[in-house]
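Trainee: Questions regarding the structure given below will be posed in turn.
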Amino acid sequence: MKVLAVDDVAPALDELHRLLQESPGVDEVSTAGDALTALKLLQAHTFDVVFLDVSMPAMDGMELAALVARMTDPPVIVFVTAFEEHAASAYDVGALDYLLKPVSADRLAAALDRVRRFAGHSAPTVDALAAVPVELGGRTRFVRRDEVRYVEAQGDYVRLHTPSGAHLVRIPISRLEEHWRPAGFVRVHRSYLLAVAGVRELRSDIAGGLLAHTDVGDVPVSRRHGRELRELLLEAATRGAFDGGRR
């Protein structure tokens, strides 16, 4: 994947460049410190995706994205900004994703996965665990991923929480996270993996911690994962993909 990163703030651009270079599947990363330089690069070279800052002098990211959209074979646009209020405008101009600064490696990985799926370059293992076999009383049943609201780690096992009950499976939570993240699951706690589409609301517990409420129970959200979860919920709501929990 060939990537162009655009940001007028040098430290932010350097950090994004570093994260992209360390990302699997990214073969080449070019950078531009302003929209005009980026436009020249886009006219001279072919890129798969542009990570684009919104607020820049002379020409901002929205204006550049509008020009890119008119190209014969435009790259995918992913906006990177510190301001949540730009989200609606970002999707209006056809952005595939919207990242809030500071960008985490996990959130960047999710964006790159989305770019690959959009471009038709998904890895064959992405959907390998769309259903998980559960042994019960000598019989095997399959729990579909879209039935699961959240996953709870229990040693070498995980408990899959669904409207029909909880199911214990011998599989590391890290492996499920690897395969299920592209399908909308996010790690919100050391011991919990959460289906973003299953969240009905965020609430505080009696100690002031954050809980994600689903129709099968509340999931604790650690402080360091709270920002990413809010960002994903904002994105889902903006794109009209958030239904406050499956029925």
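Ordering of the structure tokens sets the chain letters (A, B, ...); residue numbers start at 1 within each chain; ligands are numbered from 1 in the order shown.
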Show which residues sit within 7 Å of stretch 169-185 of chain A, as a PyMOL selection string. Count only C-alpha atoms, and ignore same-chain residues fewer than 4 positions away.
Mentor: chain A and resi 110+113+126-127+129+134+153+156-159+193-196
Trainee: Among the residues of stretch 2-171 of chain A, find those DSSP assigns to alpha helix (DSSP H) from the backbone and print them as a PyMOL selection string.
Mentor: chain A and resi 10-21+35-44+61-68+87-92+105-119
Trainee: Residues as selected, N, CA and C atoms, written as a short mmCIF file (atom, residue, chain, number, x, y, z; two decimals), in the first residue's frame, can you do that?
Mentor:
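The file below, part27.cif, is the result:
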data_model
loop_
_atom_site.label_atom_id
_atom_site.label_comp_id
_atom_site.auth_asym_id
_atom_site.auth_seq_id
_atom_site.Cartn_x
_atom_site.Cartn_y
_atom_site.Cartn_z
N ALA A 10 4.71 19.84 11.94
CA ALA A 10 5.81 18.90 11.71
C ALA A 10 5.86 17.74 12.71
N PRO A 11 5.76 17.99 14.03
CA PRO A 11 5.81 16.85 14.96
C PRO A 11 4.68 15.85 14.73
N ALA A 12 3.48 16.36 14.44
CA ALA A 12 2.35 15.46 14.18
C ALA A 12 2.59 14.65 12.91
N LEU A 13 3.14 15.30 11.89
CA LEU A 13 3.43 14.61 10.63
C LEU A 13 4.50 13.55 10.83
N ASP A 14 5.52 13.88 11.60
CA ASP A 14 6.60 12.91 11.86
C ASP A 14 6.07 11.69 12.60
N GLU A 15 5.19 11.90 13.59
CA GLU A 15 4.64 10.79 14.36
C GLU A 15 3.74 9.91 13.48
N LEU A 16 2.91 10.53 12.65
CA LEU A 16 2.06 9.76 11.75
C LEU A 16 2.90 8.98 10.74
N HIS A 17 3.96 9.61 10.26
CA HIS A 17 4.88 8.94 9.33
C HIS A 17 5.49 7.71 9.99
N ARG A 18 5.89 7.85 11.24
CA ARG A 18 6.50 6.73 11.96
C ARG A 18 5.50 5.59 12.14
N LEU A 19 4.28 5.92 12.56
CA LEU A 19 3.26 4.89 12.78
C LEU A 19 2.93 4.17 11.48
N LEU A 20 2.84 4.90 10.40
CA LEU A 20 2.53 4.29 9.11
C LEU A 20 3.66 3.37 8.64
N GLN A 21 4.89 3.82 8.83
CA GLN A 21 6.02 2.99 8.42
C GLN A 21 6.07 1.68 9.18
N ALA A 35 -1.21 21.47 1.80
CA ALA A 35 -2.11 20.89 0.81
C ALA A 35 -1.61 21.07 -0.62
N LEU A 36 -0.97 22.19 -0.90
CA LEU A 36 -0.48 22.44 -2.27
C LEU A 36 0.62 21.45 -2.64
N THR A 37 1.54 21.20 -1.71
CA THR A 37 2.58 20.20 -1.95
C THR A 37 1.96 18.82 -2.13
N ALA A 38 0.95 18.53 -1.33
CA ALA A 38 0.26 17.25 -1.44
C ALA A 38 -0.41 17.10 -2.80
N LEU A 39 -1.01 18.18 -3.28
CA LEU A 39 -1.69 18.14 -4.58
C LEU A 39 -0.70 17.83 -5.70
N LYS A 40 0.49 18.43 -5.63
CA LYS A 40 1.52 18.16 -6.64
C LYS A 40 1.95 16.69 -6.61
N LEU A 41 2.10 16.15 -5.41
CA LEU A 41 2.47 14.74 -5.28
C LEU A 41 1.37 13.83 -5.83
N LEU A 42 0.13 14.19 -5.57
CA LEU A 42 -0.99 13.39 -6.04
C LEU A 42 -1.11 13.42 -7.57
N GLN A 43 -0.72 14.53 -8.16
CA GLN A 43 -0.76 14.64 -9.61
C GLN A 43 0.38 13.89 -10.28
N ALA A 44 1.49 13.72 -9.53
CA ALA A 44 2.67 13.08 -10.11
C ALA A 44 2.78 11.60 -9.79
N GLY A 61 -7.80 20.79 4.44
CA GLY A 61 -7.98 19.40 4.05
C GLY A 61 -9.28 19.15 3.32
N MET A 62 -10.36 19.82 3.70
CA MET A 62 -11.65 19.65 3.03
C MET A 62 -11.57 20.08 1.57
N GLU A 63 -10.90 21.20 1.34
CA GLU A 63 -10.76 21.70 -0.03
C GLU A 63 -9.92 20.75 -0.88
N LEU A 64 -8.84 20.23 -0.29
CA LEU A 64 -7.99 19.29 -1.01
C LEU A 64 -8.76 18.00 -1.30
N ALA A 65 -9.52 17.52 -0.33
CA ALA A 65 -10.30 16.30 -0.53
C ALA A 65 -11.31 16.47 -1.67
N ALA A 66 -11.92 17.65 -1.76
CA ALA A 66 -12.87 17.91 -2.84
C ALA A 66 -12.18 17.85 -4.20
N LEU A 67 -10.93 18.35 -4.29
CA LEU A 67 -10.17 18.27 -5.54
C LEU A 67 -9.78 16.83 -5.86
N VAL A 68 -9.37 16.10 -4.83
CA VAL A 68 -8.97 14.70 -5.03
C VAL A 68 -10.14 13.87 -5.55
N ALA A 87 -16.27 15.98 11.83
CA ALA A 87 -16.62 14.63 11.39
C ALA A 87 -17.69 14.61 10.31
N ALA A 88 -18.79 15.32 10.52
CA ALA A 88 -19.88 15.29 9.55
C ALA A 88 -19.41 15.79 8.19
N SER A 89 -18.64 16.88 8.17
CA SER A 89 -18.13 17.41 6.90
C SER A 89 -17.18 16.43 6.23
N ALA A 90 -16.40 15.73 7.05
CA ALA A 90 -15.44 14.77 6.50
C ALA A 90 -16.15 13.69 5.70
N TYR A 91 -17.22 13.14 6.25
CA TYR A 91 -17.94 12.08 5.54
C TYR A 91 -18.73 12.64 4.36
N ASP A 92 -19.13 13.91 4.45
CA ASP A 92 -19.84 14.54 3.33
C ASP A 92 -18.98 14.60 2.08
N ALA A 105 -1.79 3.57 17.64
CA ALA A 105 -1.42 2.53 16.68
C ALA A 105 -2.59 1.61 16.38
N ASP A 106 -3.39 1.28 17.41
CA ASP A 106 -4.53 0.40 17.22
C ASP A 106 -5.59 1.03 16.32
N ARG A 107 -5.87 2.30 16.55
CA ARG A 107 -6.89 2.99 15.74
C ARG A 107 -6.41 3.14 14.30
N LEU A 108 -5.12 3.40 14.12
CA LEU A 108 -4.57 3.49 12.77
C LEU A 108 -4.67 2.14 12.06
N ALA A 109 -4.38 1.07 12.79
CA ALA A 109 -4.48 -0.27 12.21
C ALA A 109 -5.91 -0.56 11.74
N ALA A 110 -6.90 -0.12 12.52
CA ALA A 110 -8.29 -0.32 12.13
C ALA A 110 -8.62 0.46 10.86
N ALA A 111 -8.09 1.68 10.76
CA ALA A 111 -8.32 2.48 9.55
C ALA A 111 -7.69 1.83 8.33
N LEU A 112 -6.48 1.31 8.48
CA LEU A 112 -5.81 0.64 7.36
C LEU A 112 -6.56 -0.63 6.96
N ASP A 113 -7.10 -1.35 7.94
CA ASP A 113 -7.92 -2.52 7.62
C ASP A 113 -9.14 -2.12 6.80
N ARG A 114 -9.74 -1.01 7.18
CA ARG A 114 -10.91 -0.53 6.43
C ARG A 114 -10.54 -0.14 5.01
N VAL A 115 -9.38 0.47 4.85
CA VAL A 115 -8.92 0.83 3.50
C VAL A 115 -8.72 -0.43 2.66
N ARG A 116 -8.11 -1.46 3.26
CA ARG A 116 -7.89 -2.70 2.52
C ARG A 116 -9.20 -3.34 2.10
N ARG A 117 -10.18 -3.36 3.00
CA ARG A 117 -11.46 -3.95 2.67
C ARG A 117 -12.15 -3.16 1.56
N PHE A 118 -12.06 -1.84 1.64
CA PHE A 118 -12.67 -0.98 0.64
C PHE A 118 -12.05 -1.22 -0.74
N ALA A 119 -10.72 -1.44 -0.73
CA ALA A 119 -10.01 -1.63 -2.00
C ALA A 119 -10.04 -3.08 -2.48
#
Trainee: Do you have the atom CA of A:Thr214-atom CA of A:Leu168 distance handy?
Mentor: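 We find that atom CA of A:Thr214 and atom CA of A:Leu168 lie 19.0 Å from each other.
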Trainee: Return as a PyMOL selection string the full set of residues in stretch 49-242 of chain A whose backbone-based DSSP assignment is strand (DSSP E or B).
Mentor: chain A and resi 49-53+76-81+97-100+131-136+139-144+150-154+157-162+165-169+185-189+192-195+201-204+210-214+217-221
Trainee: Which residue out of A:Leu4, A:Ala82, A:Ala69, A:Val49 has the minimum interatomic distance to A:Gly94 when only C-alpha atoms are used?
Mentor: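 Closest to A:Gly94 of all the choices is A:Ala69.
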